[in-house]
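**Q** Dropping in model.cif, which is mmCIF, C-alpha atoms:
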data_structure
loop_
_atom_site.label_atom_id
_atom_site.label_comp_id
_atom_site.auth_asym_id
_atom_site.auth_seq_id
_atom_site.Cartn_x
_atom_site.Cartn_y
_atom_site.Cartn_z
CA MET A 1035 6.56 55.86 -8.58
CA ASP A 1036 7.44 52.20 -9.22
CA ALA A 1037 6.27 49.24 -7.16
CA GLU A 1038 9.45 48.89 -5.09
CA SER A 1039 9.45 52.62 -4.29
CA ILE A 1040 5.88 52.39 -2.98
CA PHE A 1041 6.85 49.42 -0.81
CA SER A 1042 9.95 51.09 0.61
CA THR A 1043 8.36 54.49 1.28
CA ASN A 1044 4.81 53.58 2.33
CA TRP A 1045 4.25 49.91 3.12
CA ARG A 1046 0.78 50.61 4.57
CA MET A 1047 -0.34 51.90 1.19
CA PHE A 1048 1.23 48.85 -0.44
CA TYR A 1049 -0.68 46.41 1.77
CA CYS A 1050 -4.01 48.04 0.90
CA LEU A 1051 -3.90 45.80 -2.19
CA ALA A 1052 -3.53 42.60 -0.14
CA PRO A 1053 -7.30 41.76 -0.23
CA PHE A 1054 -6.93 41.14 -3.97
CA GLN A 1055 -4.36 38.37 -3.46
CA GLN A 1056 -7.11 35.78 -3.08
CA ASP A 1057 -9.47 37.18 -5.73
CA PRO A 1058 -7.54 39.18 -8.34
CA ARG A 1059 -10.47 39.64 -10.72
CA GLY A 1060 -13.02 40.31 -7.99
CA GLU A 1061 -14.66 43.55 -6.99
CA ARG A 1062 -14.61 44.70 -3.37
CA TYR A 1063 -16.28 47.61 -1.67
CA GLY A 1064 -14.17 50.03 0.30
CA LEU A 1065 -15.43 49.22 3.80
CA GLU A 1066 -14.88 45.49 3.17
CA MET A 1067 -11.28 46.17 2.12
CA GLU A 1068 -10.71 48.38 5.16
CA LYS A 1069 -11.89 45.55 7.45
CA GLU A 1070 -9.69 42.96 5.69
CA ILE A 1071 -6.63 45.21 6.01
CA LYS A 1072 -7.27 45.62 9.75
CA ASP A 1073 -7.96 41.88 10.18
CA ALA A 1074 -4.53 41.23 8.65
CA GLY A 1075 -2.99 43.18 11.54
CA PHE A 1076 -2.43 46.58 9.94
CA GLU A 1077 -3.79 49.43 12.04
CA ILE A 1078 -5.18 52.03 9.71
CA SER A 1079 -7.84 54.70 10.05
CA HIS A 1080 -10.92 54.84 7.85
CA GLU A 1081 -9.74 58.12 6.31
CA THR A 1082 -6.24 56.80 5.57
CA ALA A 1083 -7.52 53.55 4.03
CA PHE A 1084 -9.78 55.42 1.63
CA ALA A 1085 -7.06 57.97 0.84
CA TYR A 1086 -4.78 55.11 -0.23
CA LEU A 1087 -7.50 53.37 -2.25
CA ASN A 1088 -8.38 56.62 -3.99
CA HIS A 1089 -4.70 57.21 -4.68
CA TYR A 1090 -4.48 53.85 -6.44
CA ALA A 1091 -7.66 54.65 -8.36
CA GLY A 1092 -6.18 57.97 -9.48
CA ALA A 1093 -2.97 56.21 -10.55
CA GLY A 1094 -4.93 53.67 -12.62
CA VAL A 1095 -3.99 50.67 -10.44
CA LEU A 1096 -7.57 50.30 -9.20
CA ARG A 1097 -10.86 50.84 -10.98
CA LYS A 1098 -13.37 52.70 -8.79
CA VAL A 1099 -17.13 52.55 -9.31
CA LYS A 1100 -19.69 54.32 -7.15
CA ARG A 1101 -23.01 52.60 -6.47
CA GLY A 1102 -25.19 54.67 -4.22
CA ARG A 1103 -23.08 55.61 -1.22
CA GLN A 1104 -20.63 52.71 -1.64
CA ALA A 1105 -17.35 52.77 -3.57
CA PHE A 1106 -16.31 49.51 -5.22
CA PHE A 1107 -12.74 48.76 -6.31
CA SER A 1108 -11.17 46.23 -8.69
CA LEU A 1109 -7.67 45.78 -10.09
CA VAL A 1110 -6.67 47.19 -13.46
CA PRO A 1111 -4.57 44.21 -14.59
CA GLU A 1112 -1.93 45.89 -16.72
CA ASN A 1113 -1.22 48.56 -14.09
CA ALA A 1114 -1.58 46.34 -11.00
CA LEU A 1115 0.82 43.63 -12.25
CA PRO A 1116 4.09 45.06 -10.83
CA LEU A 1117 2.56 45.74 -7.41
CA MET A 1118 0.81 42.38 -7.12
CA SER A 1119 4.01 40.59 -8.16
CA LEU A 1120 5.96 42.38 -5.45
CA LEU A 1121 3.21 41.69 -2.91
CA GLU A 1122 3.41 37.97 -3.78
CA GLN A 1123 7.16 38.03 -3.36
CA ASP A 1124 6.75 39.60 0.07
CA ARG A 1125 4.24 36.88 0.99
CA THR A 1126 6.80 34.22 0.02
CA ASN A 1127 9.58 35.94 1.96
CA LEU A 1128 7.41 36.04 5.09
CA PHE A 1129 6.70 32.31 4.67
CA LEU A 1130 10.36 31.42 4.21
CA ARG A 1131 11.36 33.28 7.37
CA LYS A 1132 9.18 30.87 9.37
CA SER A 1133 9.40 27.66 7.33
CA LYS A 1134 11.39 24.63 8.52
CA THR A 1135 12.08 23.77 4.86
CA ALA A 1136 13.17 27.25 3.76
CA MET A 1137 16.66 26.15 2.68
CA LEU A 1138 15.34 23.30 0.55
CA ILE A 1139 12.68 25.53 -1.02
CA SER A 1140 15.28 28.18 -1.86
CA GLU A 1141 17.47 25.54 -3.50
CA LEU A 1142 14.51 24.22 -5.49
CA SER A 1143 13.85 27.75 -6.72
CA ALA A 1144 17.41 27.96 -8.01
CA LEU A 1145 16.87 24.78 -10.06
CA LEU A 1146 13.83 26.29 -11.81
CA ALA A 1147 15.33 29.39 -13.38
CA HIS A 1148 13.97 28.62 -16.85
CA CYS A 1149 10.39 27.63 -16.02
CA GLY A 1150 7.34 29.82 -16.55
CA PHE A 1151 6.61 29.87 -12.84
CA ALA A 1152 6.73 27.45 -9.93
CA LEU A 1153 5.05 27.13 -6.55
CA ILE A 1154 4.71 24.72 -3.67
CA PHE A 1155 1.37 23.68 -2.22
CA GLY A 1156 -0.03 21.16 0.25
CA SER A 1157 1.19 20.60 3.81
CA ALA A 1158 4.62 22.18 3.23
CA ALA A 1159 3.00 25.39 1.97
CA ARG A 1160 0.68 25.44 4.99
CA GLY A 1161 3.60 24.94 7.37
CA HIS A 1162 2.23 21.56 8.54
CA GLU A 1163 4.89 19.33 7.05
CA ARG A 1164 6.47 16.49 9.03
CA LYS A 1165 9.63 14.53 8.30
CA SER A 1166 7.50 11.96 6.48
CA SER A 1167 5.72 14.63 4.40
CA ASP A 1168 6.52 15.26 0.78
CA ILE A 1169 6.87 18.66 -0.85
CA ASP A 1170 4.36 19.19 -3.64
CA LEU A 1171 5.92 21.29 -6.37
CA LEU A 1172 3.92 22.65 -9.33
CA VAL A 1173 6.12 23.59 -12.28
CA VAL A 1174 4.54 25.44 -15.20
CA ASP A 1175 6.26 25.44 -18.60
CA GLY A 1176 9.43 23.83 -17.37
CA VAL A 1177 11.15 20.50 -16.77
CA PRO A 1178 13.30 20.28 -13.64
CA ASP A 1179 16.39 18.07 -13.81
CA PRO A 1180 15.30 14.74 -12.22
CA ASP A 1181 18.85 13.97 -11.06
CA ALA A 1182 19.06 17.32 -9.27
CA ILE A 1183 15.69 16.66 -7.62
CA GLU A 1184 16.92 13.25 -6.45
CA ARG A 1185 20.03 14.82 -4.94
CA LYS A 1186 17.89 17.29 -2.99
CA GLU A 1187 15.69 14.46 -1.74
CA ALA A 1188 18.75 12.54 -0.54
CA ALA A 1189 20.32 15.60 1.07
CA TYR A 1190 17.19 16.65 2.99
CA GLY A 1191 15.52 13.27 3.49
CA MET A 1192 12.24 14.50 2.01
CA LYS A 1193 10.25 13.35 -0.99
CA ILE A 1194 9.68 16.02 -3.64
CA SER A 1195 6.59 15.37 -5.76
CA VAL A 1196 6.94 17.30 -9.01
CA HIS A 1197 3.74 18.15 -10.88
CA GLN A 1198 4.58 19.42 -14.36
CA VAL A 1199 2.04 21.19 -16.55
CA SER A 1200 2.19 23.45 -19.57
CA GLY A 1201 0.66 26.90 -19.45
CA LYS A 1202 -2.03 25.84 -21.92
CA GLU A 1203 -2.88 22.74 -19.89
CA LEU A 1204 -3.11 24.82 -16.73
CA GLU A 1205 -5.47 27.30 -18.40
CA ALA A 1206 -7.73 24.44 -19.50
CA ARG A 1207 -7.78 22.81 -16.04
CA TRP A 1208 -7.81 25.93 -13.84
CA HIS A 1209 -11.58 26.31 -13.51
CA ARG A 1210 -12.45 22.63 -14.02
CA GLU A 1211 -10.41 20.64 -11.52
CA PRO A 1212 -11.09 21.14 -7.78
CA ILE A 1213 -7.46 20.53 -6.81
CA TYR A 1214 -6.57 24.01 -8.03
CA ASN A 1215 -8.76 25.61 -5.37
CA GLY A 1216 -6.42 24.24 -2.69
CA ILE A 1217 -3.32 25.05 -4.72
CA TRP A 1218 -4.46 28.66 -5.10
CA ARG A 1219 -5.35 29.03 -1.42
CA ASP A 1220 -2.16 27.49 -0.01
CA ARG A 1221 0.35 28.52 -2.68
CA VAL A 1222 3.87 29.68 -2.02
CA VAL A 1223 5.27 30.96 -5.29
CA ILE A 1224 8.99 30.24 -5.45
CA ARG A 1225 9.87 31.22 -9.00
CA ASN A 1226 8.82 34.04 -11.34
CA PHE A 1227 6.27 36.11 -9.43
CA HIS A 1228 5.65 38.31 -12.48
CA ARG A 1229 4.63 35.39 -14.70
CA PHE A 1230 2.47 33.94 -11.93
CA TRP A 1231 0.55 37.19 -11.62
CA GLU A 1232 0.20 37.55 -15.36
CA PHE A 1233 -1.63 34.23 -15.22
CA ALA A 1234 -3.62 35.12 -12.07
CA LEU A 1235 -4.81 38.45 -13.44
CA ALA A 1236 -5.81 36.86 -16.75
CA ARG A 1237 -7.58 33.79 -15.30
CA GLY A 1238 -8.65 34.85 -11.82
CA LYS A 1239 -9.00 32.45 -8.93
CA PRO A 1240 -9.99 28.83 -9.73
#
Turn this file's structure into structure tokens for me.
**A**
Amino acid sequence: MDAESIFSTNWRMFYCLAPFQQDPRGERYGLEMEKEIKDAGFEISHETAFAYLNHYAGAGVLRKVKRGRQAFFSLVPENALPLMSLLEQDRTNLFLRKSKTAMLISELSALLAHCGFALIFGSAARGHERKSSDIDLLVVDGVPDPDAIERKEAAYGMKISVHQVSGKELEARWHREPIYNGIWRDRVVIRNFHRFWEFALARGKP
């Protein structure tokens, strides 16, 4: 079953992977994941949560290790990539449904078709933007058209601060520069979820 089929037929199973969105290379024990799933607002029984986690382990999406009476789970990157990409897309869609700048963000995404991936961060990504706020846009392996950016700024009356970086530069800075902790935490990926999660699974959180 592919990622979209899992989402459409059993969204509760799909969201069992949500705890890994903030720590894709981390290891979590089952009871911790069950609590995080419930804290996110998904009512699920202990038995059902572990049935889903064991299903993912059997399918090779999760790696399961027993230590004493505890079961610990971690992502298997090559198998988890499609599901985590779709989960990130769902996170962005939920954000856009509530964001005051959703139209502008969608139009920015359309301008970035040929970049590696792109995301917004800062106050706009946290939903705290004001009319005087700028939109911080991180573009990886791409160069947005400056004239098109200026037209969007004029149309929406908002400053767009473009931060361009190559994939190699981002790899070198990811674990060294504190700014990436906030970018990771607040991110709203707006272009190429698959490429973003290829990077996240390879590098982990900052």
**Q** Edge lengths and centre, in Å to one decimal, as AutoDock Vina command-line options: that's what I need for the box along x, y and z that holds all listed atoms of stretch 1173-1185 of chain A plus 8 Å on each side.
**A**
--center_x 12.3 --center_y 19.3 --center_z -11.8 --size_x 31.5 --size_y 28.2 --size_z 29.7
**Q** As a check of understanding, name the residues that the PyMOL selection byres ((chain A and resi 1198) around 10) selects in the supplied structure, as a PyMOL selection string.
**A** chain A and resi 1152+1171-1178+1195-1197+1199-1201+1203-1204
**Q** Using the chain letters and numbers from the file, give me the residues hit by the PyMOL selection byres ((chain A and resi 1238) around 8), as an NGL selection string.
**A** :A and (1057-1060 or 1233-1237 or 1239-1240)
**Q** Could you check the closest approach to A:Asp1220 for each of A:Ala1114, A:Phe1076, A:Ile1139, A:Gly1156 and tell me which residue wins, using all atoms listed in the file?
**A**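 Answer, going by the shortest atom-to-atom distance: A:Gly1156.
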**Q** Which residues, written as a list in words, have at least one atom at most 12 Å from A:Glu1070, with all atoms listed in the file counted and residues fewer than 3 positions away on the same chain left out?
**A** Tyr1049, Cys1050, Leu1051, Ala1052, Pro1053, Phe1054, Gln1055, Gln1056, Arg1062, Tyr1063, Gly1064, Leu1065, Glu1066, Met1067, Asp1073, Ala1074, Gly1075, Phe1076, Glu1077, Ile1078 and Ala1083 of chain A
**Q** Of the residues A:Lys1100, A:Leu1142, A:Ser1108, A:Ile1224, which is the one nearest to A:Ala1159, using all atoms listed in the file?
**A**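 Smallest separation from A:Ala1159 among the options: A:Ile1224.
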**Q** One decimal, in Å: what's the spacing between atom CA of A:Arg1207 and atom CA of A:Ile1169?
**A** 21.5 Å
**Q** I need the residue nearest A:Asn1113 from this list: A:Glu1187, A:Asp1179, A:Glu1211, A:Glu1232. Use all atoms listed in the file for the distance.
**A**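 Closest residue, counting all atoms listed in the file: A:Glu1232.
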**Q** Write out as a PDB file with C-alpha atoms, in the frame of the given file each polymer residue whose atoms come within 10 Å of A:His1162, counting only C-alpha atoms; drop sequence neighbours fewer than 5 positions from it.
**A**
ATOM      1  CA  SER A1133       9.400  27.660   7.330  1.00  0.00           C
ATOM      2  CA  LYS A1134      11.390  24.630   8.520  1.00  0.00           C
ATOM      3  CA  GLY A1156      -0.030  21.160   0.250  1.00  0.00           C
ATOM      4  CA  SER A1157       1.190  20.600   3.810  1.00  0.00           C
ATOM      5  CA  SER A1167       5.720  14.630   4.400  1.00  0.00           C
TER       6      SER A1167
END
**Q** Let me make sure I understand: among A:Glu1205, A:Ile1183, A:Phe1155, A:Ser1166, which one has the smallest atom-to-atom distance to A:Arg1219 if we use all atoms listed in the file?
**A**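 Closest residue, counting all atoms listed in the file: A:Phe1155.
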**Q** Choose the residue, out of A:Phe1048, A:His1209, A:Leu1153, A:Thr1082, that has the smallest atom-to-atom separation from A:Pro1116; count only C-alpha atoms.
**A** A:Phe1048
**Q** Of the residues A:Leu1145, A:Pro1212, A:Ala1136, A:Glu1061, which is the one nearest to A:Pro1180, using all atoms listed in the file?
**A**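 The shortest atom-to-atom distance to A:Pro1180 comes from A:Leu1145.
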**Q** Counting all atoms listed in the file, write as a ChimeraX atom specification all protein and nucleic acid residues lying at most 12 Å from (-4.4, 54.7, -14.9) in the file's frame.
**A** /A:1088-1098,1109-1114
**Q** Restrict the selected residues to C-alpha atoms and save them as an mmCIF file, keeping the file's coordinate frame.
**A**
data_model
loop_
_atom_site.group_PDB
_atom_site.id
_atom_site.type_symbol
_atom_site.label_atom_id
_atom_site.label_comp_id
_atom_site.auth_asym_id
_atom_site.auth_seq_id
_atom_site.Cartn_x
_atom_site.Cartn_y
_atom_site.Cartn_z
ATOM 1 C CA ASN A 1088 -8.380 56.620 -3.990
ATOM 2 C CA HIS A 1089 -4.700 57.210 -4.680
ATOM 3 C CA TYR A 1090 -4.480 53.850 -6.440
ATOM 4 C CA ALA A 1091 -7.660 54.650 -8.360
ATOM 5 C CA GLY A 1092 -6.180 57.970 -9.480
ATOM 6 C CA ALA A 1093 -2.970 56.210 -10.550
ATOM 7 C CA GLY A 1094 -4.930 53.670 -12.620
ATOM 8 C CA VAL A 1095 -3.990 50.670 -10.440
ATOM 9 C CA LEU A 1096 -7.570 50.300 -9.200
ATOM 10 C CA ARG A 1097 -10.860 50.840 -10.980
ATOM 11 C CA LYS A 1098 -13.370 52.700 -8.790
ATOM 12 C CA LEU A 1109 -7.670 45.780 -10.090
ATOM 13 C CA VAL A 1110 -6.670 47.190 -13.460
ATOM 14 C CA PRO A 1111 -4.570 44.210 -14.590
ATOM 15 C CA GLU A 1112 -1.930 45.890 -16.720
ATOM 16 C CA ASN A 1113 -1.220 48.560 -14.090
ATOM 17 C CA ALA A 1114 -1.580 46.340 -11.000
#
**Q** Atom CA of A:Gly1161 and atom CA of A:Lys1202 are how many Å apart?
**A**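 Separation between atom CA of A:Gly1161 and atom CA of A:Lys1202: 29.8 Å.
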**Q** Which residues come within 8 Å of A:Trp1231, counting all atoms listed in the file, excluding same-chain residues fewer than 3 positions away, as a ChimeraX atom specification?
**A** /A:1115,1118-1119,1227-1228,1234-1235
